[in-house]
file input_21.txt (compact mmCIF, C-alpha atoms and all ligand atoms)
# COMPACT_ATOMS: atom_id res chain seq x y z
CA MET A 30 12.13 -21.42 74.84
CA LEU A 31 9.39 -19.09 73.68
CA ASN A 32 9.10 -17.65 77.16
CA LEU A 33 12.85 -17.07 77.32
CA SER A 34 12.81 -15.05 74.13
CA LYS A 35 9.75 -13.17 75.46
CA ASP A 36 11.71 -12.31 78.62
CA ARG A 37 14.60 -11.10 76.52
CA GLU A 38 12.20 -9.02 74.44
CA THR A 39 10.82 -7.46 77.62
CA ALA A 40 14.33 -6.81 78.94
CA VAL A 41 15.29 -5.07 75.70
CA ARG A 42 12.14 -2.98 75.87
CA ASP A 43 12.86 -1.97 79.44
CA ALA A 44 16.36 -0.90 78.51
CA ASN A 45 14.84 1.25 75.72
CA GLU A 46 17.22 -0.14 73.19
CA PHE A 47 14.88 0.39 70.28
CA VAL A 48 16.12 3.03 67.89
CA VAL A 49 12.74 3.01 66.12
CA GLU A 50 9.61 2.15 68.03
CA LEU A 51 6.00 2.10 66.88
CA ARG A 52 3.35 1.83 69.59
CA SER A 53 -0.21 0.85 68.57
CA VAL A 54 0.08 2.72 65.29
CA SER A 55 -2.93 2.80 62.94
CA LYS A 56 -3.62 4.59 59.69
CA HIS A 57 -7.15 4.96 58.35
CA TYR A 58 -8.13 6.44 54.99
CA GLY A 59 -11.82 7.17 55.47
CA GLU A 60 -13.47 3.79 55.98
CA SER A 61 -10.46 1.76 54.87
CA ILE A 62 -7.74 0.72 57.30
CA ALA A 63 -4.22 0.64 55.82
CA VAL A 64 -2.40 -0.14 59.09
CA ALA A 65 -4.11 -1.53 62.20
CA ASN A 66 -2.62 -1.27 65.68
CA VAL A 67 0.99 -2.07 64.76
CA SER A 68 3.59 -2.18 67.54
CA LEU A 69 7.21 -2.99 66.73
CA GLY A 70 10.75 -1.98 67.58
CA ALA A 71 14.03 -2.00 65.64
CA ARG A 72 17.22 -2.42 67.65
CA ARG A 73 20.45 -0.51 67.10
CA GLY A 74 22.21 -1.70 63.94
CA GLU A 75 19.45 -4.19 63.17
CA LEU A 76 18.11 -4.91 59.69
CA LEU A 77 14.39 -5.33 60.24
CA CYS A 78 12.35 -6.40 57.25
CA LEU A 79 8.65 -5.65 56.69
CA LEU A 80 7.32 -8.49 54.55
CA GLY A 81 3.84 -9.13 53.25
CA PRO A 82 1.62 -9.27 50.18
CA SER A 83 0.70 -6.26 48.07
CA GLY A 84 -1.51 -3.78 49.90
CA CYS A 85 -0.81 -5.11 53.42
CA GLY A 86 0.46 -1.74 54.69
CA LYS A 87 4.28 -1.98 54.36
CA THR A 88 4.85 1.33 52.56
CA THR A 89 2.35 3.12 54.79
CA THR A 90 4.20 1.86 57.89
CA LEU A 91 7.57 2.96 56.48
CA ARG A 92 6.20 6.37 55.51
CA MET A 93 4.85 6.86 59.02
CA VAL A 94 8.38 6.24 60.36
CA ALA A 95 9.81 8.71 57.80
CA GLY A 96 7.13 11.30 58.57
CA PHE A 97 5.50 11.47 55.12
CA VAL A 98 2.27 9.96 56.48
CA GLU A 99 0.74 10.95 59.82
CA PRO A 100 -0.72 8.09 61.90
CA THR A 101 -4.43 8.23 62.75
CA SER A 102 -3.49 6.96 66.22
CA GLY A 103 -0.45 5.64 68.09
CA THR A 104 3.10 6.97 68.40
CA VAL A 105 6.38 6.73 66.49
CA SER A 106 9.60 7.23 68.48
CA ILE A 107 13.12 7.52 67.10
CA ASN A 108 16.04 7.41 69.52
CA ASP A 109 13.51 7.55 72.34
CA ILE A 110 12.00 10.85 71.21
CA ASP A 111 8.34 11.01 70.22
CA MET A 112 8.44 11.97 66.53
CA THR A 113 4.76 11.32 65.72
CA ARG A 114 4.01 14.93 64.76
CA GLN A 115 7.51 15.95 63.62
CA PRO A 116 8.28 16.68 59.94
CA PRO A 117 10.55 14.26 58.02
CA TYR A 118 13.67 16.47 58.18
CA ARG A 119 13.65 16.42 62.00
CA ARG A 120 13.63 12.61 62.23
CA ASP A 121 17.24 11.63 61.52
CA THR A 122 16.12 9.14 58.86
CA GLY A 123 17.27 8.55 55.29
CA MET A 124 14.85 6.99 52.83
CA VAL A 125 15.33 5.18 49.54
CA PHE A 126 12.09 5.05 47.58
CA GLN A 127 11.09 2.23 45.29
CA SER A 128 11.67 4.45 42.25
CA TYR A 129 15.02 5.74 43.66
CA ALA A 130 13.73 9.31 43.04
CA LEU A 131 17.09 10.74 41.96
CA PHE A 132 16.92 14.29 40.61
CA PRO A 133 17.33 13.78 36.84
CA HIS A 134 18.89 17.20 36.09
CA MET A 135 21.57 16.88 38.80
CA THR A 136 24.81 14.91 38.51
CA VAL A 137 25.45 11.92 40.76
CA ALA A 138 27.66 14.07 43.03
CA GLU A 139 25.00 16.80 43.25
CA ASN A 140 22.35 14.21 44.08
CA VAL A 141 24.43 12.78 46.91
CA ALA A 142 25.26 16.29 48.18
CA PHE A 143 21.63 17.46 48.08
CA GLY A 144 20.75 17.03 51.75
CA LEU A 145 24.10 18.38 52.93
CA GLU A 146 23.62 21.50 50.85
CA ASN A 147 20.21 22.03 52.42
CA LEU A 148 21.93 21.87 55.79
CA LYS A 149 24.37 24.55 54.52
CA TRP A 150 27.47 22.41 54.85
CA ALA A 151 30.71 24.11 53.69
CA ARG A 152 31.73 23.14 50.16
CA ALA A 153 34.96 21.32 51.11
CA GLU A 154 33.23 19.18 53.76
CA ARG A 155 30.39 18.45 51.38
CA GLU A 156 32.77 17.28 48.68
CA GLU A 157 34.65 15.13 51.15
CA ARG A 158 31.44 13.39 52.32
CA VAL A 159 30.24 12.86 48.74
CA LYS A 160 33.58 11.20 47.87
CA GLU A 161 33.35 9.03 50.96
CA MET A 162 29.79 7.91 50.10
CA LEU A 163 30.63 7.18 46.45
CA ARG A 164 33.61 5.11 47.61
CA LEU A 165 31.29 3.23 49.98
CA VAL A 166 28.97 2.21 47.14
CA GLU A 167 31.97 1.63 44.85
CA LEU A 168 30.98 4.16 42.19
CA PRO A 169 33.49 7.04 42.65
CA HIS A 170 34.11 7.19 38.89
CA LEU A 171 30.50 8.12 38.10
CA ALA A 172 30.33 11.38 40.09
CA GLU A 173 29.76 13.61 37.07
CA ARG A 174 27.17 11.47 35.28
CA LEU A 175 23.45 12.24 35.20
CA PRO A 176 21.04 9.59 36.58
CA GLY A 177 19.74 8.91 33.05
CA GLN A 178 23.25 7.71 32.13
CA LEU A 179 23.30 5.02 34.84
CA SER A 180 22.02 1.46 34.95
CA GLY A 181 19.19 0.56 37.36
CA GLY A 182 21.62 -1.03 39.80
CA GLN A 183 23.92 2.01 39.74
CA GLN A 184 20.97 4.34 40.35
CA GLN A 185 19.97 2.19 43.29
CA ARG A 186 23.43 2.51 44.81
CA ILE A 187 23.47 6.29 44.28
CA ALA A 188 20.07 6.56 45.99
CA LEU A 189 21.57 4.60 48.88
CA ALA A 190 24.63 6.88 48.96
CA ARG A 191 22.34 9.93 49.05
CA ALA A 192 20.33 8.50 51.93
CA LEU A 193 23.48 7.58 53.88
CA ALA A 194 25.30 10.90 53.25
CA MET A 195 23.44 12.52 56.15
CA ARG A 196 24.60 9.70 58.46
CA PRO A 197 21.02 9.06 59.60
CA SER A 198 20.51 6.81 62.58
CA VAL A 199 17.70 5.12 60.65
CA LEU A 200 17.71 3.98 57.03
CA LEU A 201 14.33 3.29 55.39
CA LEU A 202 14.27 1.26 52.18
CA ASP A 203 11.07 0.64 50.21
CA GLU A 204 11.56 -2.29 47.81
CA PRO A 205 14.81 -0.83 46.51
CA PHE A 206 15.57 -3.82 44.27
CA SER A 207 12.19 -4.25 42.63
CA ASN A 208 13.36 -2.95 39.25
CA LEU A 209 16.50 -5.09 39.02
CA ASP A 210 16.98 -8.38 37.21
CA ALA A 211 17.31 -11.59 39.24
CA GLN A 212 21.13 -11.75 39.22
CA LEU A 213 21.69 -8.09 40.04
CA ARG A 214 19.12 -8.37 42.82
CA VAL A 215 21.12 -11.11 44.53
CA ARG A 216 24.37 -9.14 44.19
CA MET A 217 22.74 -5.95 45.49
CA ARG A 218 21.42 -7.82 48.52
CA GLU A 219 24.94 -8.81 49.50
CA GLU A 220 26.34 -5.37 48.78
CA LEU A 221 23.60 -3.64 50.74
CA ARG A 222 24.18 -5.89 53.75
CA GLU A 223 27.86 -5.01 53.68
CA VAL A 224 27.31 -1.28 53.29
CA ILE A 225 24.80 -1.32 56.15
CA ARG A 226 27.16 -3.25 58.43
CA GLY A 227 29.96 -0.85 57.51
CA VAL A 228 28.05 2.21 58.73
CA ASP A 229 26.13 0.49 61.55
CA VAL A 230 22.79 2.08 60.74
CA THR A 231 19.42 0.72 61.93
CA THR A 232 17.50 -0.31 58.82
CA LEU A 233 13.83 -0.90 58.04
CA PHE A 234 13.54 -2.68 54.74
CA VAL A 235 10.30 -3.30 52.87
CA THR A 236 9.88 -6.20 50.47
CA HIS A 237 7.28 -8.65 49.29
CA ASP A 238 10.04 -11.05 48.21
CA GLN A 239 10.39 -13.81 50.80
CA GLU A 240 13.85 -14.87 49.64
CA GLU A 241 15.10 -11.30 50.03
CA ALA A 242 13.65 -11.19 53.55
CA LEU A 243 15.11 -14.56 54.58
CA THR A 244 18.62 -13.85 53.29
CA MET A 245 19.01 -10.23 54.42
CA SER A 246 17.15 -9.71 57.68
CA ASP A 247 18.11 -9.97 61.31
CA ARG A 248 14.38 -10.15 62.04
CA ILE A 249 11.30 -10.24 59.85
CA VAL A 250 7.92 -8.62 60.54
CA VAL A 251 5.26 -10.48 58.53
CA MET A 252 2.25 -8.26 57.80
CA ASN A 253 -1.18 -9.22 56.54
CA ALA A 254 -4.08 -6.82 55.87
CA GLY A 255 -2.58 -4.01 57.95
CA ARG A 256 -1.70 -6.18 60.94
CA ILE A 257 1.40 -7.97 62.18
CA GLU A 258 1.09 -11.75 61.88
CA GLN A 259 4.49 -12.65 63.38
CA VAL A 260 7.86 -11.14 64.27
CA GLY A 261 10.94 -13.36 64.37
CA THR A 262 14.33 -14.28 62.98
CA PRO A 263 14.30 -15.79 59.47
CA GLY A 264 14.75 -19.23 61.07
CA GLU A 265 11.82 -18.74 63.47
CA ILE A 266 9.55 -17.47 60.71
CA TYR A 267 10.34 -20.38 58.37
CA GLU A 268 10.67 -23.23 60.89
CA ALA A 269 8.07 -22.14 63.43
CA PRO A 270 5.35 -20.11 61.70
CA SER A 271 2.69 -19.15 64.22
CA THR A 272 -0.16 -18.92 61.72
CA SER A 273 -1.19 -20.66 58.50
CA PHE A 274 -0.81 -17.35 56.69
CA VAL A 275 2.88 -17.08 57.67
CA ALA A 276 3.54 -20.73 56.79
CA LYS A 277 1.96 -20.28 53.38
CA PHE A 278 3.59 -16.91 52.65
CA ILE A 279 7.16 -17.96 53.54
CA GLY A 280 8.27 -20.78 51.33
CA TRP A 281 6.29 -23.57 49.76
CA CYS A 282 4.29 -25.81 52.08
CA SER A 283 1.25 -28.01 52.28
CA LEU A 284 -1.21 -27.21 55.05
CA LEU A 285 -3.37 -30.07 56.35
CA ASP A 286 -6.21 -29.41 58.78
CA GLY A 287 -7.01 -32.19 61.22
CA ILE A 288 -6.95 -33.40 64.80
CA VAL A 289 -4.19 -34.67 67.08
CA ASP A 290 -5.36 -37.71 69.10
CA ALA A 291 -4.68 -38.24 72.78
CA ASP A 292 -1.63 -40.36 71.80
CA GLY A 293 -0.09 -37.50 69.76
CA THR A 294 -1.01 -38.88 66.33
CA PHE A 295 -2.24 -36.40 63.72
CA ARG A 296 -5.14 -37.39 61.48
CA SER A 297 -5.94 -35.01 58.63
CA SER A 298 -9.55 -34.46 57.65
CA GLY A 299 -8.65 -36.08 54.28
CA GLY A 300 -7.46 -39.27 56.00
CA LEU A 301 -3.66 -38.95 56.20
CA CYS A 302 -2.20 -40.25 59.46
CA LEU A 303 1.14 -39.07 60.92
CA LYS A 304 2.48 -40.59 64.12
CA GLY A 305 4.08 -37.99 66.38
CA ASN A 306 3.85 -36.50 69.84
CA TRP A 307 2.02 -33.26 69.24
CA SER A 308 -0.38 -31.76 71.80
CA PRO A 309 -3.91 -33.16 71.40
CA GLY A 310 -6.62 -31.04 69.79
CA PRO A 311 -7.47 -29.52 66.41
CA GLY A 312 -4.43 -28.36 64.44
CA THR A 313 -2.90 -27.63 61.06
CA ALA A 314 0.19 -29.60 59.98
CA VAL A 315 2.76 -27.61 57.99
CA ILE A 316 4.58 -29.95 55.61
CA ARG A 317 7.53 -28.42 53.76
CA PRO A 318 8.56 -29.91 50.38
CA GLU A 319 11.94 -30.99 51.79
CA GLN A 320 10.20 -33.03 54.52
CA ILE A 321 8.92 -35.48 51.93
CA ARG A 322 11.56 -37.90 50.66
CA LEU A 323 11.68 -40.97 48.48
CA PHE A 324 11.42 -44.01 50.73
CA SER A 325 14.48 -46.19 50.93
CA HIS A 326 15.00 -49.37 52.94
CA GLY A 327 16.41 -48.70 56.38
CA ALA A 328 14.99 -45.15 56.29
CA LYS A 329 13.09 -43.71 59.25
CA GLY A 330 9.34 -43.28 58.86
CA VAL A 331 6.50 -45.06 57.16
CA ALA A 332 6.40 -45.71 53.42
CA GLN A 333 3.38 -44.30 51.59
CA ASN A 334 2.26 -44.46 47.99
CA ALA A 335 2.11 -41.13 46.20
CA ARG A 336 0.69 -40.47 42.75
CA VAL A 337 2.30 -37.60 40.80
CA LEU A 338 -0.31 -34.96 39.86
CA GLN A 339 2.12 -32.31 38.58
CA SER A 340 5.86 -32.27 37.87
CA HIS A 341 7.88 -29.07 37.42
CA TYR A 342 11.58 -29.08 36.57
CA TYR A 343 13.60 -26.20 38.12
CA GLY A 344 17.10 -27.24 37.09
CA GLY A 345 18.60 -27.86 40.52
CA ALA A 346 15.46 -29.65 41.72
CA THR A 347 12.09 -30.94 40.60
CA ARG A 348 8.93 -29.93 42.44
CA LEU A 349 6.11 -32.46 42.46
CA LEU A 350 2.49 -32.19 43.48
CA LEU A 351 1.52 -35.55 44.96
CA ASP A 352 -1.68 -37.27 45.92
CA VAL A 353 -0.97 -39.10 49.18
CA ASN A 354 -3.99 -40.89 50.60
CA GLY A 355 -6.34 -38.28 49.20
CA GLU A 356 -4.26 -35.30 50.44
CA GLN A 357 -2.27 -33.09 48.04
CA LEU A 358 1.33 -32.54 49.15
CA THR A 359 4.24 -30.71 47.50
CA MET A 360 7.61 -32.42 47.41
CA GLN A 361 10.96 -31.18 46.12
CA ASP A 362 13.97 -33.32 45.28
CA ARG A 363 16.77 -33.79 42.80
CA PHE A 364 16.27 -36.76 40.51
CA PRO A 365 18.95 -38.33 38.28
CA PHE A 366 18.98 -37.16 34.66
CA GLY A 367 16.38 -39.04 32.61
CA ARG A 368 14.54 -40.29 35.71
CA HIS A 369 12.29 -37.33 36.44
CA PRO A 370 8.88 -38.45 37.66
CA LYS A 371 6.03 -37.90 35.22
CA VAL A 372 2.38 -37.17 35.85
CA GLY A 373 0.65 -40.46 36.75
CA ASP A 374 3.79 -42.15 38.16
CA VAL A 375 3.43 -43.74 41.58
CA LEU A 376 6.30 -43.11 44.03
CA ASN A 377 7.11 -44.65 47.36
CA ILE A 378 7.67 -41.74 49.77
CA THR A 379 8.06 -41.06 53.46
CA ILE A 380 7.09 -37.94 55.41
CA CYS A 381 9.73 -36.83 57.89
CA ILE A 382 7.91 -35.53 60.95
CA ASP A 383 11.03 -34.63 63.00
CA ASP A 384 10.83 -30.84 62.64
CA MET A 385 7.24 -30.74 61.47
CA ARG A 386 5.32 -27.72 62.70
CA MET A 387 1.80 -28.20 64.07
CA ILE A 388 -0.18 -24.97 64.33
CA SER A 389 -2.66 -25.44 67.12
CA ALA A 390 -6.17 -24.24 66.41
CA ALA A 391 -6.80 -23.77 70.14
CA PRO A 392 -6.86 -20.13 71.27
CA SER A 393 -3.49 -19.22 72.79
N1 LIG B 401 -3.24 7.83 50.16
C1 LIG B 401 -4.05 6.76 50.25
N2 LIG B 401 -5.38 6.88 50.21
C2 LIG B 401 -6.20 5.81 50.35
N3 LIG B 401 -5.77 4.54 50.52
C3 LIG B 401 -4.45 4.35 50.58
C4 LIG B 401 -3.50 5.44 50.43
N4 LIG B 401 -2.25 4.93 50.54
C5 LIG B 401 -2.40 3.60 50.70
N5 LIG B 401 -3.71 3.25 50.72
C6 LIG B 401 -4.25 1.88 50.90
O1 LIG B 401 -3.67 1.33 52.07
C7 LIG B 401 -3.37 -0.04 51.88
C8 LIG B 401 -1.90 -0.28 52.19
O2 LIG B 401 -1.12 0.35 51.20
P1 LIG B 401 0.47 0.25 51.17
O3 LIG B 401 0.95 1.15 50.08
O4 LIG B 401 1.01 0.53 52.53
O5 LIG B 401 0.69 -1.29 50.81
P2 LIG B 401 2.02 -2.11 50.53
O6 LIG B 401 2.07 -3.21 51.53
O7 LIG B 401 3.19 -1.18 50.49
O8 LIG B 401 1.74 -2.74 49.10
P3 LIG B 401 2.72 -2.99 47.82
O9 LIG B 401 3.48 -4.25 48.11
O10 LIG B 401 1.76 -3.17 46.69
O11 LIG B 401 3.60 -1.78 47.66
C9 LIG B 401 -3.78 -0.37 50.46
O12 LIG B 401 -5.03 -0.98 50.49
C10 LIG B 401 -3.83 0.98 49.77
O13 LIG B 401 -4.77 0.98 48.72
MG MG B 402 4.51 -0.60 48.93
call {"tool": "encode", "arguments": {"input": "input_21.txt", "output": "structure tokens"}}
result
Amino acid sequence: MLNLSKDRETAVRDANEFVVELRSVSKHYGESIAVANVSLGARRGELLCLLGPSGCGKTTTLRMVAGFVEPTSGTVSINDIDMTRQPPYRRDTGMVFQSYALFPHMTVAENVAFGLENLKWARAEREERVKEMLRLVELPHLAERLPGQLSGGQQQRIALARALAMRPSVLLLDEPFSNLDAQLRVRMREELREVIRGVDVTTLFVTHDQEEALTMSDRIVVMNAGRIEQVGTPGEIYEAPSTSFVAKFIGWCSLLDGIVDADGTFRSSGGLCLKGNWSPGPGTAVIRPEQIRLFSHGAKGVAQNARVLQSHYYGGATRLLLDVNGEQLTMQDRFPFGRHPKVGDVLNITICIDDMRMISAAPS
């Protein structure tokens, strides 16, 4: 399966279908390395997300694609043309910065028209495109307002309209929702996906919010300390993390180090035993909260006693930290009203190993 997708990856590469391609790109600031040997490609119309903790090099990578930062080494190609040393305006990209960066003294319409004016578009054509873009982001009635008279979400949409007005082949978005409240964020995600699909633009999207990455992306690039940890679809990244870092960064999980016996059974260093058919050798078991369930008679799996160490109520579910045979595991479930487990309670649970990921410690 992995090999198949590798073959497909190679085939896509050979066909040069990447609209944006970074080859062995690094950025050094004196002694410190912001981005280290990053290679990645975004396909036509794809929404590719750069995800990782603060300071891992996401903005620097995006700015190297836009042309605001010059790589120390490596190349950046857009539409198969080497753009590494080209200025931003030659790159056919539109960028939305984290702060939106609208011009405060210009109206919404003037902001959206800004790039077109620089290109000396005729007035009538300019006005037509501005109207089209404001319709696209569903704010045609705000054309004459100043940015200061808009809400954060409206400013975000105007920044998007401004970036899209030039019909760039590549759209670059740096945490565009970071200033929005939780509900608006979710709505903007859906709207942005629709707008992007409507204009069929290749998009690189930076976030450190895993939920945003999982819900919006075609593929996710997980970065850590300037390097790429894993590239994959949201499903691949969540279900089949290739490193402990990725497993830990995407979603809640418990990581248990241990050894898989010759018969496929995993024994954690703390003493927890899980019968499976994993490949023998040292490994790390990734146990997601939803893989731990209350044991019921007739259920698959082995019953284990679990003592509740912490209990957090989230409304739709309760998350518990459990002590199972000396190992600490996180579980999430919905309990009937009035029957939420308390610290010190002992539960009878089972660990579902069906889709459990084992990260092999052996060098690949
Ligand atoms: N102009 C600069 N001079 C020196 N170091 C820099 C410069 N720009 C970025 N860095 C460093 O490079 C690293 C990567 O920064 P970058 O802004 O790309 O991170 P990020 O992943 O976007 O983080 P965040 O999520 O906080 O925005 C950081 O350690 C940062 O301090
Ligand atoms: Mg950043």
call {"tool": "closest_residue", "arguments": {"input": "input_21.txt", "among": "A:Met162, A:Met217, A:Leu338, A:Ile257", "to": "ligand LIG 401 (chain B)", "atoms": "all atoms listed in the file"}}
result
A:Ile257
call {"tool": "closest_atom_pairs", "arguments": {"input": "input_21.txt", "of": "chain A", "to": "ligand LIG 401 (chain B)", "cutoff": "8 Å", "atoms": "only C-alpha atoms and all ligand atoms", "output": "tab-separated table"}}
result
residue	atom	partner	partner_atom	distance
A:His57	CA	B:LIG401	N3	8.0
A:Tyr58	CA	B:LIG401	C2	5.1
A:Gly59	CA	B:LIG401	C2	7.7
A:Ser61	CA	B:LIG401	N3	7.0
A:Ile62	CA	B:LIG401	O1	6.7
A:Ala63	CA	B:LIG401	O1	3.9
A:Val64	CA	B:LIG401	C8	6.9
A:Gly81	CA	B:LIG401	O6	6.4
A:Pro82	CA	B:LIG401	O9	5.7
A:Ser83	CA	B:LIG401	O9	3.4
A:Gly84	CA	B:LIG401	O5	3.4
A:Cys85	CA	B:LIG401	O6	3.9
A:Gly86	CA	B:LIG401	O4	3.2
A:Lys87	CA	B:LIG401	O6	3.8
A:Thr88	CA	B:LIG401	O7	3.7
A:Thr89	CA	B:LIG401	O4	3.7
A:Thr90	CA	B:LIG401	O4	6.4
A:Glu204	CA	B:LIG401	O11	8.0
A:Val235	CA	B:LIG401	O7	7.8
A:Thr236	CA	B:LIG401	O9	7.1
A:His237	CA	B:LIG401	O9	5.9
A:Ala254	CA	B:LIG401	C8	7.8
A:Gly255	CA	B:LIG401	C8	6.9
call {"tool": "write_last_selection", "arguments": {"input": "input_21.txt", "atoms": "C-alpha atoms", "output": "PDB file, in the coordinates of the input"}}
result
ATOM      1  CA  HIS A  57      -7.150   4.960  58.350  1.00  0.00           C
ATOM      2  CA  TYR A  58      -8.130   6.440  54.990  1.00  0.00           C
ATOM      3  CA  GLY A  59     -11.820   7.170  55.470  1.00  0.00           C
ATOM      4  CA  SER A  61     -10.460   1.760  54.870  1.00  0.00           C
ATOM      5  CA  ILE A  62      -7.740   0.720  57.300  1.00  0.00           C
ATOM      6  CA  ALA A  63      -4.220   0.640  55.820  1.00  0.00           C
ATOM      7  CA  VAL A  64      -2.400  -0.140  59.090  1.00  0.00           C
ATOM      8  CA  GLY A  81       3.840  -9.130  53.250  1.00  0.00           C
ATOM      9  CA  PRO A  82       1.620  -9.270  50.180  1.00  0.00           C
ATOM     10  CA  SER A  83       0.700  -6.260  48.070  1.00  0.00           C
ATOM     11  CA  GLY A  84      -1.510  -3.780  49.900  1.00  0.00           C
ATOM     12  CA  CYS A  85      -0.810  -5.110  53.420  1.00  0.00           C
ATOM     13  CA  GLY A  86       0.460  -1.740  54.690  1.00  0.00           C
ATOM     14  CA  LYS A  87       4.280  -1.980  54.360  1.00  0.00           C
ATOM     15  CA  THR A  88       4.850   1.330  52.560  1.00  0.00           C
ATOM     16  CA  THR A  89       2.350   3.120  54.790  1.00  0.00           C
ATOM     17  CA  THR A  90       4.200   1.860  57.890  1.00  0.00           C
ATOM     18  CA  GLU A 204      11.560  -2.290  47.810  1.00  0.00           C
ATOM     19  CA  VAL A 235      10.300  -3.300  52.870  1.00  0.00           C
ATOM     20  CA  THR A 236       9.880  -6.200  50.470  1.00  0.00           C
ATOM     21  CA  HIS A 237       7.280  -8.650  49.290  1.00  0.00           C
ATOM     22  CA  ALA A 254      -4.080  -6.820  55.870  1.00  0.00           C
ATOM     23  CA  GLY A 255      -2.580  -4.010  57.950  1.00  0.00           C
TER      24      GLY A 255
END
call {"tool": "residues_around", "arguments": {"input": "input_21.txt", "residues": "Leu77 of chain A", "least_positions_apart": "6", "cutoff": "9 Å", "atoms": "all atoms listed in the file", "output": "number ranges by chain"}}
result
A: 70-71, 231-235, 242, 245-250
call {"tool": "residues_around", "arguments": {"input": "input_21.txt", "residues": "Val275 of chain A", "least_positions_apart": "6", "cutoff": "9 Å", "atoms": "all atoms listed in the file", "output": "PyMOL selection string"}}
result
chain A and resi 251-253+258-259+266-267
call {"tool": "residues_around", "arguments": {"input": "input_21.txt", "residues": "Arg72 of chain A", "least_positions_apart": "4", "cutoff": "9 Å", "atoms": "only C-alpha atoms", "output": "list in words"}}
result
Val41, Glu46, Phe47, Val48, Val49, Glu50, Leu76, Leu77 and Thr231 of chain A
call {"tool": "atom_distance", "arguments": {"input": "input_21.txt", "atom1": "atom CA of Arg296 of chain A", "atom2": "atom CA of Gly355 of chain A"}}
result
12.4 Å
call {"tool": "residues_around", "arguments": {"input": "input_21.txt", "residues": "segment 361-377 of chain A", "least_positions_apart": "5", "cutoff": "12 Å", "atoms": "all atoms listed in the file", "output": "ChimeraX atom specification"}}
result
/A:280-283,316-326,328,330-353
call {"tool": "residues_around", "arguments": {"input": "input_21.txt", "residues": "Arg196 of chain A", "least_positions_apart": "5", "cutoff": "9 Å", "atoms": "all atoms listed in the file", "output": "ChimeraX atom specification"}}
result
/A:121-123,228,230
call {"tool": "write_last_selection", "arguments": {"input": "input_21.txt", "atoms": "C-alpha atoms", "output": "PDB file, in the frame of the given file"}}
result
ATOM      1  CA  ASP A 121      17.240  11.630  61.520  1.00  0.00           C
ATOM      2  CA  THR A 122      16.120   9.140  58.860  1.00  0.00           C
ATOM      3  CA  GLY A 123      17.270   8.550  55.290  1.00  0.00           C
ATOM      4  CA  VAL A 228      28.050   2.210  58.730  1.00  0.00           C
ATOM      5  CA  VAL A 230      22.790   2.080  60.740  1.00  0.00           C
TER       6      VAL A 230
END
call {"tool": "atom_distance", "arguments": {"input": "input_21.txt", "atom1": "atom CA of Pro311 of chain A", "atom2": "atom CA of Ala269 of chain A"}}
result
17.5 Å
call {"tool": "atom_distance", "arguments": {"input": "input_21.txt", "atom1": "atom CA of Met195 of chain A", "atom2": "atom CA of Val67 of chain A"}}
result
28.1 Å
call {"tool": "closest_residue", "arguments": {"input": "input_21.txt", "among": "A:Thr113, A:Ser207, A:Thr136, A:Ser180", "to": "ligand MG 402 (chain B)", "atoms": "all atoms listed in the file"}}
result
A:Ser207
call {"tool": "closest_residue", "arguments": {"input": "input_21.txt", "among": "A:Leu358, A:Leu303, A:Val289, A:Leu148", "to": "Ile382 of chain A", "atoms": "only C-alpha atoms"}}
result
A:Leu303
call {"tool": "closest_residue", "arguments": {"input": "input_21.txt", "among": "A:Ala194, A:Ser55, A:Arg174, A:Gly144", "to": "Glu157 of chain A", "atoms": "only C-alpha atoms"}}
result
A:Ala194
call {"tool": "closest_residue", "arguments": {"input": "input_21.txt", "among": "A:Pro176, A:Pro169, A:Pro263, A:Pro197", "to": "Ala95 of chain A", "atoms": "all atoms listed in the file"}}
result
A:Pro197
call {"tool": "closest_residue", "arguments": {"input": "input_21.txt", "among": "A:Asp203, A:Pro117, A:Asp109, A:Asn66", "to": "ligand MG 402 (chain B)", "atoms": "all atoms listed in the file"}}
result
A:Asp203
call {"tool": "axis_aligned_box", "arguments": {"input": "input_21.txt", "around": "segment 369-388 of chain A", "padding_each_side": "5 Å", "output": "lines of an AutoDock Vina configuration file"}}
result
center_x = 6.1
center_y = -34.8
center_z = 49.8
size_x = 22.5
size_y = 29.7
size_z = 39.1
call {"tool": "residues_near_point", "arguments": {"input": "input_21.txt", "point": "(6.8, -24.4, 64.6)", "cutoff": "6 Å", "atoms": "only C-alpha atoms", "output": "JSON, numbers by chain"}}
result
{"A": [268, 269, 270, 386]}
call {"tool": "residues_near_point", "arguments": {"input": "input_21.txt", "point": "(22.3, 13.8, 49.5)", "cutoff": "12 Å", "atoms": "all atoms listed in the file", "output": "ChimeraX atom specification"}}
result
/A:123-125,130-132,135-148,150,155-156,158-160,162-163,187-197
